[in-house]
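Chemist: Input file: final.txt. Contents: compact mmCIF, C-alpha atoms.
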```
# COMPACT_ATOMS: atom_id res chain seq x y z
CA MET A 44 -86.76 40.18 43.12
CA ARG A 45 -86.92 36.39 43.09
CA SER A 46 -86.96 36.23 39.32
CA SER A 47 -83.83 38.40 39.06
CA ARG A 48 -81.88 36.15 41.45
CA ARG A 49 -82.78 32.94 39.61
CA ALA A 50 -81.69 34.19 36.18
CA PRO A 51 -77.91 33.96 36.71
CA HIS A 52 -78.16 30.41 38.01
CA LYS A 53 -80.17 29.43 34.98
CA TYR A 54 -77.58 30.97 32.68
CA VAL A 55 -74.74 29.03 34.35
CA ALA A 56 -76.64 25.78 33.99
CA LEU A 57 -77.07 26.36 30.31
CA LEU A 58 -73.31 27.00 29.89
CA LEU A 59 -72.44 23.80 31.75
CA ALA A 60 -74.79 21.77 29.58
CA GLY A 61 -73.27 23.18 26.41
CA ALA A 62 -69.76 22.41 27.61
CA ALA A 63 -70.76 18.85 28.40
CA LEU A 64 -72.19 18.41 24.95
CA SER A 65 -69.04 19.78 23.35
CA LEU A 66 -66.83 17.47 25.41
CA SER A 67 -68.92 14.46 24.53
CA GLY A 68 -68.62 15.36 20.87
CA CYS A 69 -64.82 15.61 21.14
CA GLY A 70 -64.61 12.22 22.81
CA GLU A 71 -66.42 10.57 19.95
CA LYS A 72 -63.94 11.95 17.29
CA LYS A 73 -61.43 9.24 16.12
CA PRO A 74 -57.63 10.06 15.83
CA PRO A 75 -56.24 10.32 12.26
CA ALA A 76 -54.68 7.18 10.79
CA PRO A 77 -50.81 7.22 10.65
CA PRO A 78 -49.36 8.01 7.22
CA THR A 79 -48.04 5.20 5.05
CA PRO A 80 -44.22 5.13 5.52
CA GLU A 81 -41.91 5.85 2.64
CA ALA A 82 -39.40 3.19 1.61
CA GLY A 83 -36.39 3.99 -0.57
CA TYR A 84 -35.41 1.03 -2.75
CA VAL A 85 -32.75 -0.03 -5.23
CA VAL A 86 -33.28 -2.40 -8.15
CA VAL A 87 -30.65 -5.14 -8.01
CA GLN A 88 -28.99 -6.54 -11.12
CA ALA A 89 -26.64 -9.46 -11.76
CA LYS A 90 -23.14 -8.59 -12.95
CA SER A 91 -19.55 -9.77 -12.83
CA VAL A 92 -18.08 -9.11 -9.40
CA ALA A 93 -14.46 -9.55 -8.33
CA MET A 94 -14.45 -11.42 -5.02
CA MET A 95 -11.95 -9.45 -2.97
CA ILE A 96 -10.24 -10.90 0.09
CA GLU A 97 -7.98 -9.36 2.71
CA LEU A 98 -5.30 -11.56 4.29
CA PRO A 99 -2.49 -10.93 6.77
CA GLY A 100 1.10 -11.19 5.64
CA ARG A 101 4.75 -10.49 6.43
CA THR A 102 7.39 -8.92 4.26
CA SER A 103 10.61 -10.77 3.49
CA ALA A 104 13.72 -9.82 1.54
CA TYR A 105 13.90 -10.71 -2.15
CA GLU A 106 17.46 -11.98 -1.67
CA THR A 107 19.46 -12.54 1.53
CA SER A 108 23.14 -13.46 1.70
CA ASP A 109 25.43 -14.02 4.67
CA VAL A 110 28.95 -12.76 4.01
CA ARG A 111 31.47 -15.37 5.21
CA PRO A 112 35.26 -15.64 4.86
CA GLN A 113 36.60 -18.42 2.66
CA VAL A 114 40.14 -18.19 4.04
CA SER A 115 41.50 -17.73 7.54
CA GLY A 116 43.35 -14.65 8.69
CA VAL A 117 43.23 -11.31 10.47
CA ILE A 118 40.94 -8.57 9.13
CA GLN A 119 43.09 -5.65 8.03
CA ALA A 120 40.30 -3.30 6.94
CA ARG A 121 36.53 -2.92 6.63
CA LEU A 122 35.81 -1.20 3.32
CA PHE A 123 32.06 -0.43 3.50
CA THR A 124 29.68 1.83 5.40
CA GLU A 125 27.20 -0.04 7.56
CA GLY A 126 23.61 0.32 6.31
CA SER A 127 24.64 1.44 2.82
CA ILE A 128 23.93 -0.10 -0.57
CA VAL A 129 26.73 -2.35 -1.80
CA HIS A 130 27.08 -3.90 -5.23
CA LYS A 131 27.89 -7.44 -6.25
CA GLY A 132 31.66 -8.01 -6.39
CA GLU A 133 32.48 -4.95 -4.28
CA THR A 134 35.23 -5.64 -1.69
CA LEU A 135 33.87 -5.54 1.86
CA TYR A 136 36.81 -6.78 3.99
CA GLN A 137 40.54 -7.11 3.47
CA ILE A 138 42.16 -10.11 5.21
CA ASP A 139 45.93 -10.13 5.72
CA PRO A 140 47.28 -11.56 2.40
CA SER A 141 50.92 -12.10 3.43
CA LEU A 142 50.79 -15.86 3.88
CA TYR A 143 48.69 -16.37 0.77
CA ARG A 144 50.99 -14.23 -1.35
CA ALA A 145 53.91 -16.34 -0.15
CA SER A 146 51.98 -19.50 -1.06
CA VAL A 147 51.51 -18.14 -4.56
CA ASN A 148 55.23 -17.48 -4.91
CA GLN A 149 56.08 -20.96 -3.64
CA ALA A 150 53.60 -22.62 -5.98
CA GLN A 151 54.92 -20.62 -8.87
CA ALA A 152 58.52 -21.74 -8.07
CA ASN A 153 57.42 -25.36 -7.80
CA LEU A 154 55.77 -25.07 -11.19
CA GLN A 155 58.93 -23.70 -12.75
CA SER A 156 60.97 -26.56 -11.25
CA ALA A 157 58.51 -29.12 -12.60
CA GLN A 158 58.62 -27.52 -16.01
CA ALA A 159 62.44 -27.75 -16.08
CA SER A 160 62.34 -31.42 -15.05
CA ARG A 161 59.80 -32.09 -17.76
CA GLU A 162 62.00 -30.51 -20.42
CA ALA A 163 64.96 -32.70 -19.43
CA ALA A 164 62.83 -35.86 -19.31
CA VAL A 165 61.25 -35.13 -22.70
CA VAL A 166 64.64 -34.46 -24.33
CA LYS A 167 66.04 -37.73 -22.90
CA ALA A 168 63.04 -39.72 -24.13
CA ASP A 169 63.34 -38.18 -27.59
CA ARG A 170 67.06 -39.01 -27.72
CA TYR A 171 66.50 -42.66 -26.68
CA LYS A 172 63.79 -43.26 -29.24
CA PRO A 173 65.98 -43.61 -32.40
CA LEU A 174 68.67 -45.39 -30.43
CA ALA A 175 66.15 -47.94 -29.24
CA GLN A 176 65.00 -48.46 -32.82
CA MET A 177 68.60 -49.15 -33.83
CA GLN A 178 69.03 -51.30 -30.73
CA ALA A 179 71.90 -49.05 -29.62
CA VAL A 180 70.25 -48.87 -26.16
CA ALA A 181 68.07 -51.32 -24.38
CA GLN A 182 64.37 -51.04 -25.08
CA GLN A 183 63.75 -50.90 -21.34
CA ASP A 184 65.90 -47.79 -21.02
CA TYR A 185 63.76 -46.03 -23.63
CA THR A 186 60.59 -47.15 -21.87
CA ASP A 187 61.86 -45.78 -18.57
CA ALA A 188 62.83 -42.45 -20.19
CA LEU A 189 59.38 -42.12 -21.81
CA ALA A 190 57.66 -42.84 -18.50
CA ALA A 191 59.82 -40.26 -16.72
CA ALA A 192 58.86 -37.67 -19.34
CA ARG A 193 55.16 -38.36 -18.82
CA GLN A 194 55.57 -38.19 -15.02
CA ALA A 195 57.30 -34.85 -15.41
CA SER A 196 54.38 -33.58 -17.51
CA ALA A 197 51.93 -34.72 -14.81
CA SER A 198 54.01 -32.99 -12.16
CA VAL A 199 53.79 -29.77 -14.17
CA ALA A 200 50.00 -30.06 -14.27
CA GLN A 201 49.86 -30.71 -10.52
CA ASN A 202 51.99 -27.69 -9.72
CA ALA A 203 49.94 -25.54 -12.09
CA ALA A 204 46.79 -26.54 -10.21
CA ALA A 205 48.50 -25.75 -6.90
CA LEU A 206 49.40 -22.32 -8.26
CA ASP A 207 45.77 -21.72 -9.28
CA THR A 208 44.64 -22.71 -5.79
CA ALA A 209 47.15 -20.37 -4.18
CA ARG A 210 46.03 -17.52 -6.42
CA ILE A 211 42.36 -18.19 -5.58
CA ASN A 212 43.12 -18.16 -1.85
CA LEU A 213 45.01 -14.90 -2.31
CA ARG A 214 41.99 -13.44 -4.11
CA PHE A 215 39.73 -14.60 -1.25
CA THR A 216 41.64 -12.36 1.14
CA ARG A 217 39.48 -9.62 -0.37
CA VAL A 218 35.96 -10.60 0.77
CA PRO A 219 33.47 -9.53 -1.94
CA ALA A 220 29.74 -8.80 -1.80
CA PRO A 221 27.88 -11.84 -3.20
CA ILE A 222 24.77 -9.82 -4.15
CA THR A 223 23.68 -6.23 -4.56
CA GLY A 224 21.64 -4.88 -1.65
CA ARG A 225 21.62 -3.08 1.68
CA ILE A 226 24.30 -4.26 4.06
CA SER A 227 23.73 -4.59 7.79
CA ARG A 228 26.13 -3.89 10.66
CA SER A 229 29.49 -5.63 10.76
CA LEU A 230 29.79 -8.40 13.35
CA PHE A 231 33.62 -8.39 13.17
CA THR A 232 35.96 -5.43 13.49
CA THR A 233 39.42 -4.69 12.17
CA GLY A 234 41.98 -6.93 13.85
CA ALA A 235 39.58 -9.82 14.42
CA LEU A 236 40.71 -13.30 13.47
CA VAL A 237 38.32 -15.07 11.10
CA THR A 238 38.42 -18.62 9.79
CA SER A 239 37.02 -20.35 6.74
CA GLY A 240 33.83 -22.23 7.51
CA GLN A 241 33.08 -20.31 10.71
CA ALA A 242 29.50 -20.35 12.00
CA ASP A 243 29.03 -16.58 12.37
CA PRO A 244 28.80 -14.43 9.23
CA LEU A 245 30.83 -11.26 8.95
CA THR A 246 27.69 -9.34 7.96
CA THR A 247 24.44 -9.79 6.00
CA ILE A 248 23.23 -8.26 2.74
CA GLN A 249 19.54 -8.04 1.81
CA ARG A 250 18.03 -7.06 -1.51
CA LEU A 251 14.85 -5.11 -0.74
CA ASP A 252 13.80 -3.91 -4.19
CA PRO A 253 11.73 -5.80 -5.15
CA ILE A 254 10.48 -7.32 -1.91
CA TYR A 255 8.34 -10.36 -1.11
CA VAL A 256 5.13 -10.46 0.94
CA ASP A 257 4.18 -13.89 2.29
CA VAL A 258 0.40 -14.12 2.82
CA GLN A 259 -1.35 -16.78 4.90
CA GLN A 260 -4.71 -18.19 3.70
CA SER A 261 -6.63 -20.94 5.47
CA SER A 262 -6.71 -24.23 3.64
CA SER A 263 -10.53 -24.40 3.96
CA ASP A 264 -10.95 -21.08 2.11
CA LEU A 265 -8.52 -22.20 -0.58
CA LEU A 266 -10.40 -25.49 -0.95
CA ALA A 267 -13.73 -23.65 -1.32
CA LEU A 268 -12.18 -21.40 -3.96
CA ARG A 269 -10.87 -24.35 -5.98
CA GLN A 270 -14.24 -26.10 -5.79
CA SER A 271 -15.96 -22.92 -6.99
CA LEU A 272 -13.54 -22.60 -9.89
CA ALA A 273 -14.06 -26.25 -10.79
CA SER A 274 -17.87 -25.85 -10.80
CA GLY A 275 -17.68 -23.09 -13.41
CA GLY A 276 -19.50 -20.45 -11.37
CA THR A 277 -16.38 -18.35 -11.08
CA THR A 278 -13.23 -17.73 -13.09
CA PRO A 279 -9.71 -16.85 -11.91
CA SER A 280 -9.04 -13.15 -11.44
CA SER A 281 -5.90 -11.15 -12.06
CA THR A 282 -2.93 -11.50 -9.74
CA VAL A 283 -2.73 -7.80 -8.80
CA VAL A 284 -2.32 -7.24 -5.03
CA HIS A 285 -2.64 -4.07 -2.94
CA LEU A 286 -1.22 -3.58 0.53
CA LYS A 287 -2.33 -1.86 3.71
CA LEU A 288 0.51 -0.96 6.04
CA GLU A 289 0.68 -1.30 9.81
CA ASN A 290 -0.62 2.25 10.35
CA GLY A 291 -3.63 1.67 8.07
CA SER A 292 -2.30 3.63 5.10
CA ASP A 293 -2.23 2.25 1.55
CA TYR A 294 1.07 1.22 -0.01
CA PRO A 295 1.48 3.26 -3.22
CA PHE A 296 2.67 0.38 -5.45
CA ALA A 297 0.74 -2.70 -6.56
CA GLY A 298 2.26 -6.17 -6.56
CA THR A 299 1.61 -9.50 -8.21
CA VAL A 300 1.08 -12.99 -6.84
CA GLU A 301 4.08 -15.18 -7.69
CA PHE A 302 2.90 -18.61 -6.51
CA ALA A 303 1.08 -20.56 -3.80
CA GLU A 304 2.80 -23.33 -1.91
CA GLU A 305 1.46 -26.82 -2.57
CA MET A 306 1.44 -27.75 1.10
CA VAL A 307 -0.47 -26.87 4.26
CA ASP A 308 1.33 -25.87 7.42
CA PRO A 309 0.15 -28.46 10.00
CA ALA A 310 0.71 -25.99 12.85
CA THR A 311 -1.55 -23.24 11.45
CA GLY A 312 -3.68 -25.00 8.83
CA ALA A 313 -2.75 -22.28 6.34
CA VAL A 314 -1.21 -22.11 2.89
CA THR A 315 1.43 -19.50 2.05
CA LEU A 316 0.96 -17.28 -1.00
CA ARG A 317 3.91 -15.16 -2.09
CA ALA A 318 3.52 -11.78 -3.80
CA ARG A 319 6.25 -9.51 -5.17
CA PHE A 320 6.17 -5.73 -4.80
CA PRO A 321 8.42 -2.95 -6.08
CA ASN A 322 10.11 -1.11 -3.23
CA PRO A 323 12.07 1.75 -4.82
CA GLN A 324 11.73 4.01 -1.76
CA GLY A 325 12.72 1.32 0.74
CA LEU A 326 9.47 1.85 2.62
CA LEU A 327 8.95 -1.86 3.19
CA LEU A 328 11.40 -3.61 5.48
CA PRO A 329 11.70 -7.36 6.13
CA GLY A 330 9.44 -8.58 8.92
CA MET A 331 6.80 -5.85 8.65
CA TYR A 332 3.14 -6.84 9.23
CA VAL A 333 0.85 -5.92 6.33
CA ARG A 334 -2.57 -6.81 4.97
CA ALA A 335 -2.90 -7.85 1.33
CA GLU A 336 -6.05 -7.15 -0.68
CA PHE A 337 -6.62 -8.99 -3.95
CA SER A 338 -9.18 -10.91 -5.97
CA GLN A 339 -8.71 -14.63 -6.46
CA ALA A 340 -11.88 -15.21 -8.52
CA THR A 341 -14.66 -13.38 -10.36
CA THR A 342 -18.30 -14.45 -10.17
CA HIS A 343 -20.39 -13.64 -13.24
CA ASN A 344 -23.87 -13.64 -11.64
CA GLY A 345 -23.19 -11.68 -8.50
CA ILE A 346 -25.81 -9.39 -6.95
CA LEU A 347 -24.62 -6.50 -4.80
CA VAL A 348 -26.87 -5.06 -2.09
CA PRO A 349 -25.91 -1.97 -0.06
CA GLN A 350 -25.03 -2.89 3.49
CA ALA A 351 -27.76 -0.58 4.82
CA GLY A 352 -30.38 -2.88 3.29
CA VAL A 353 -29.21 -6.11 4.93
CA SER A 354 -30.22 -7.09 8.46
CA ARG A 355 -29.08 -10.04 10.54
CA ASP A 356 -30.80 -11.91 13.34
CA MET A 357 -29.24 -13.26 16.52
CA GLN A 358 -27.99 -16.33 14.64
CA GLY A 359 -26.34 -14.19 11.96
CA HIS A 360 -28.84 -15.06 9.21
CA ALA A 361 -29.19 -12.28 6.64
CA THR A 362 -32.57 -10.86 5.52
CA VAL A 363 -33.74 -8.01 3.31
CA MET A 364 -37.03 -6.15 2.89
CA LEU A 365 -38.47 -6.05 -0.62
CA VAL A 366 -41.18 -4.01 -2.31
CA GLY A 367 -43.84 -6.68 -2.77
CA PRO A 368 -47.18 -6.82 -4.59
CA ASP A 369 -49.65 -4.01 -3.85
CA ASN A 370 -46.75 -1.96 -2.45
CA LYS A 371 -46.45 -4.05 0.68
CA ALA A 372 -43.16 -4.87 2.39
CA VAL A 373 -41.94 -8.46 2.10
CA SER A 374 -39.14 -9.99 4.20
CA ARG A 375 -36.82 -12.48 2.47
CA ALA A 376 -33.86 -14.53 3.71
CA ILE A 377 -30.66 -14.31 1.65
CA THR A 378 -27.13 -15.69 1.67
CA ALA A 379 -24.53 -12.94 1.99
CA ASP A 380 -21.17 -14.05 3.35
CA GLN A 381 -18.80 -11.54 1.77
CA THR A 382 -18.58 -7.78 1.40
CA VAL A 383 -17.43 -6.01 -1.75
CA GLY A 384 -16.71 -2.37 -0.97
CA ASP A 385 -19.79 -0.96 0.81
CA SER A 386 -22.12 -3.75 -0.40
CA TRP A 387 -22.88 -7.37 0.42
CA LEU A 388 -22.40 -10.00 -2.27
CA VAL A 389 -25.65 -12.00 -2.33
CA THR A 390 -25.25 -15.52 -3.67
CA SER A 391 -28.83 -16.74 -3.15
CA GLY A 392 -32.27 -15.37 -2.21
CA LEU A 393 -32.52 -12.56 -4.77
CA LYS A 394 -33.02 -12.33 -8.50
CA PRO A 395 -32.36 -9.50 -10.96
CA GLY A 396 -35.09 -6.87 -10.86
CA ASP A 397 -35.97 -7.25 -7.16
CA LYS A 398 -36.53 -3.96 -5.35
CA VAL A 399 -34.58 -4.03 -2.10
CA ILE A 400 -35.50 -1.42 0.50
CA VAL A 401 -32.44 0.42 1.79
CA GLU A 402 -34.02 3.60 3.25
CA GLY A 403 -36.71 4.00 5.88
CA LEU A 404 -36.38 0.48 7.23
CA GLY A 405 -37.11 1.66 10.77
CA LYS A 406 -40.77 2.30 9.88
CA VAL A 407 -41.29 -0.64 7.51
CA LYS A 408 -43.08 -3.75 8.78
CA PRO A 409 -43.48 -7.02 6.85
CA GLY A 410 -46.89 -7.24 5.16
CA LYS A 411 -47.71 -3.54 5.78
CA PRO A 412 -48.33 -0.95 3.03
CA ILE A 413 -45.45 1.32 2.04
CA GLN A 414 -44.83 4.18 -0.35
CA PRO A 415 -41.92 2.93 -2.50
CA VAL A 416 -39.62 5.58 -3.96
CA PRO A 417 -36.19 5.21 -5.59
CA ALA A 418 -33.41 5.50 -3.04
CA GLY A 419 -32.09 9.03 -2.75
CA SER A 420 -35.38 10.66 -3.82
CA LYS A 421 -36.70 13.77 -2.06
CA PRO A 422 -39.26 12.91 0.66
CA LEU A 423 -42.93 13.25 -0.25
CA PRO A 424 -44.81 16.22 1.33
CA ALA A 425 -46.20 15.28 4.75
CA PRO A 426 -49.99 15.60 5.37
CA GLY A 427 -50.76 18.90 7.05
CA GLY A 428 -47.50 20.46 5.96
CA LYS A 429 -46.95 23.72 4.11
CA ASN A 430 -47.98 22.26 0.78
CA ALA A 431 -51.15 20.87 2.30
CA ASP A 432 -51.99 24.28 3.86
CA LYS A 433 -51.57 25.96 0.49
CA ALA A 434 -53.85 23.38 -1.12
CA ASP A 435 -56.50 23.89 1.58
CA LYS A 436 -56.43 27.68 1.14
CA ALA A 437 -56.73 27.32 -2.63
CA ALA A 438 -59.71 24.98 -2.18
CA GLY A 439 -61.35 27.46 0.21
CA HIS A 440 -61.02 30.35 -2.21
CA SER A 441 -62.48 28.32 -5.05
CA ALA A 442 -65.43 27.27 -2.86
CA GLY A 443 -66.06 30.90 -1.88
```
As structure tokens, please, write out the structure in this file.

Modeler:
Amino acid sequence: MRSSRRAPHKYVALLLAGAALSLSGCGEKKPPAPPTPEAGYVVVQAKSVAMMIELPGRTSAYETSDVRPQVSGVIQARLFTEGSIVHKGETLYQIDPSLYRASVNQAQANLQSAQASREAAVVKADRYKPLAQMQAVAQQDYTDALAAARQASASVAQNAAALDTARINLRFTRVPAPITGRISRSLFTTGALVTSGQADPLTTIQRLDPIYVDVQQSSSDLLALRQSLASGGTTPSSTVVHLKLENGSDYPFAGTVEFAEEMVDPATGAVTLRARFPNPQGLLLPGMYVRAEFSQATTHNGILVPQAGVSRDMQGHATVMLVGPDNKAVSRAITADQTVGDSWLVTSGLKPGDKVIVEGLGKVKPGKPIQPVPAGSKPLPAPGGKNADKADKAAGHSAG
């Protein structure tokens, strides 16, 4: 009886001892080492890169003209539609021509009177000439007759000029369009009295096709550009300009840079660059805010690095991770102050052939081993994955 009662206790003790041994064995087993992280890289190369800039600007009319009266009078009619396109020489206003027509008639009559007086004076001088030679009349009488004839001729010229002036003033009663363009609202109505030399224009005409865009660039940036061009590291680019409108959309037509002012605005410290754009649809209006994109210079040894591969510290200094010797990550400081599309333009710190890591940077540490693969490659099979299980099963069958 005693032996049968002790047997279960002995069996339990043996189980507890075995469990303790198994637990101690598990505690001594070391965890598996973490896998070496993959790092996708790109091989950088030097090439010619257009250095694009984006600057703010305002549109302005290609031509602007204030329509002003050149004679005084009452407006009889307005002969245009506000907001329409008018052509150079087209009559816009009709001023009462009555007084100016009368002035023309008077000047014409004065001219005819002067012409008649001239004829009489010339005939008298011609008649006195042979008589003076024969001493039939006094020489002084002939001299006076000749002078009178010349005065009469001068009077004819004066009256002819007065007639021309009267005709010009009569023509000015029809106020023409000085340029071709879109006309604004009329500031004077029919029946209003206008005067020559008045301060307020009757209306304004603007030519909007083509149209100007005035761009502002800081003088320091322009100075750096000119120094770079002088050093020979860059060459001037084309003058083609593209626009972004106020709503962020792209303007469908490209423009060209016309000139840059040779002076700096002391209030803003900026230089004005003027570009000209076609505007056949009238989409651009004077005074609109736009952003101009264009290349002022091209560098011939530029290195482009995708933005995903460039990191910056708290001070804004740029660094990249490279594939170093023995497949270890190496951190390197670079100079990258300008973007070109979706890449940074690196001006120092890299050389052609460097492998810049752009994928898997979250797991890469400087000086630690990595598995470098070309960027965009399929990930390597993970240890213990499906491929590893298949390999283990195949190894087991071969061993069996």

Chemist: Please tell me which residues are no farther than 8 Å from (29.0, -2.0, 8.2) in the file, counting all atoms listed in the file, and write them as a list in words.

Modeler: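 Residues with an atom close enough to that point: Arg121, Phe123, Thr124, Glu125, Gly126, Ser127, Ile226, Ser227, Arg228, Ser229 and Thr246 of chain A.
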
Chemist: Could you please take those selected residues and save C-alpha atoms as an mmCIF file, in the coordinates of the input?

Modeler:
```
data_model
loop_
_atom_site.group_PDB
_atom_site.id
_atom_site.type_symbol
_atom_site.label_atom_id
_atom_site.label_comp_id
_atom_site.auth_asym_id
_atom_site.auth_seq_id
_atom_site.Cartn_x
_atom_site.Cartn_y
_atom_site.Cartn_z
ATOM 1 C CA ARG A 121 36.530 -2.920 6.630
ATOM 2 C CA PHE A 123 32.060 -0.430 3.500
ATOM 3 C CA THR A 124 29.680 1.830 5.400
ATOM 4 C CA GLU A 125 27.200 -0.040 7.560
ATOM 5 C CA GLY A 126 23.610 0.320 6.310
ATOM 6 C CA SER A 127 24.640 1.440 2.820
ATOM 7 C CA ILE A 226 24.300 -4.260 4.060
ATOM 8 C CA SER A 227 23.730 -4.590 7.790
ATOM 9 C CA ARG A 228 26.130 -3.890 10.660
ATOM 10 C CA SER A 229 29.490 -5.630 10.760
ATOM 11 C CA THR A 246 27.690 -9.340 7.960
#
```

Chemist: Give the padded box for region 355-358 of chain A as JSON: axis-aligned, covering all atoms listed in the file, 3 Å on each side, centre and edge lengths in Å to one decimal.

Modeler:
```
{"center_x": -29.4, "center_y": -13.2, "center_z": 13.5, "size_x": 8.8, "size_y": 12.3, "size_z": 12.0}
```

Chemist: Please, what distance in Å, to one decimal, runs between CA of Pro368 (chain A) and CA of Gln414 (chain A)?

Modeler: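 For CA of Pro368 (chain A) relative to CA of Gln414 (chain A), the distance reads 12.0 Å.
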
Chemist: Work out how far apart CA of Ala157 (chain A) and CA of Asn202 (chain A) are and give it in Å to one decimal.

Modeler: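 Answer for the CA of Ala157 (chain A) to CA of Asn202 (chain A) separation: 7.3 Å.
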
Chemist: CA of Thr186 (chain A) to CA of Leu174 (chain A): how many Å, to one decimal?

Modeler: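 Distance reported for this atom pair: 11.9 Å.
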
Chemist: Using all atoms listed in the file, which residues sit within 9 Å of Gln88 (chain A) once same-chain residues fewer than 4 positions away are excluded, as an MDAnalysis selection string?

Modeler: chainID A and resid 344:347 394:397

Chemist: Which residue, A:Gly298, A:Pro321, A:Gly83, A:Pro99, has the smallest gap to Gly352 (chain A) when you use all atoms listed in the file?

Modeler: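 Smallest distance to Gly352 (chain A) is found for A:Gly83.
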
Chemist: I'd like to know which of A:Ser262, A:Gln249, A:Gln183, A:Thr232 is closest to Ile138 (chain A), using only C-alpha atoms.

Modeler: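 Result for the nearest residue to Ile138 (chain A): A:Thr232.
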
Chemist: If we count only C-alpha atoms and set the cut-off at 6 Å, which residues sit around Ser103 (chain A), ignoring sequence neighbours fewer than 2 positions away in its own chain? Please answer as a VMD selection string.

Modeler: chain A and resid 255 329 to 330

Chemist: Could you tell me which of A:Ile118, A:Arg250, A:Leu206, A:Leu393 comes closest to Ala145 (chain A) if we count all atoms listed in the file?

Modeler: A:Leu206

Chemist: Considering only C-alpha atoms, can you say which of A:Glu97, A:Glu402, A:Glu106, A:Glu162 comes closest to Asp252 (chain A)?

Modeler: A:Glu106

Chemist: Go through A:Val147, A:Ala152, A:Ala190, A:Leu326 one by one, measure the shortest atom-to-atom distance of each to Ala168 (chain A) using all atoms listed in the file, and give the residue with the smallest value.

Modeler: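 Of the candidates, the smallest distance to Ala168 (chain A) is held by A:Ala190.
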
Chemist: From the set A:Leu189, A:Val237, A:Leu388, A:Leu404, which residue has the shortest atom-to-atom contact distance to Ala93 (chain A), counting all atoms listed in the file?

Modeler: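 Checking each candidate against Ala93 (chain A), we get A:Leu388 as the closest.
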
Chemist: Neighbouring residues of Pro295 (chain A) were defined as those with any atom within 12 Å, considering all atoms listed in the file; residues of the same chain fewer than 5 positions away were excluded. Please report them as a PyMOL selection string.

Modeler: chain A and resi 284-288+320-324+326-327

Chemist: Just want the 8 Å neighbourhood of Arg144 (chain A), counted on all atoms listed in the file, with same-chain residues fewer than 4 positions away dropped. Output as a CSV table (one decimal) with C-alpha atoms, in the frame of the given file.

Modeler:
```
chain,number,residue,atom,x,y,z
A,140,PRO,CA,47.3,-11.6,2.4
A,148,ASN,CA,55.2,-17.5,-4.9
A,209,ALA,CA,47.2,-20.4,-4.2
A,210,ARG,CA,46.0,-17.5,-6.4
A,213,LEU,CA,45.0,-14.9,-2.3
```
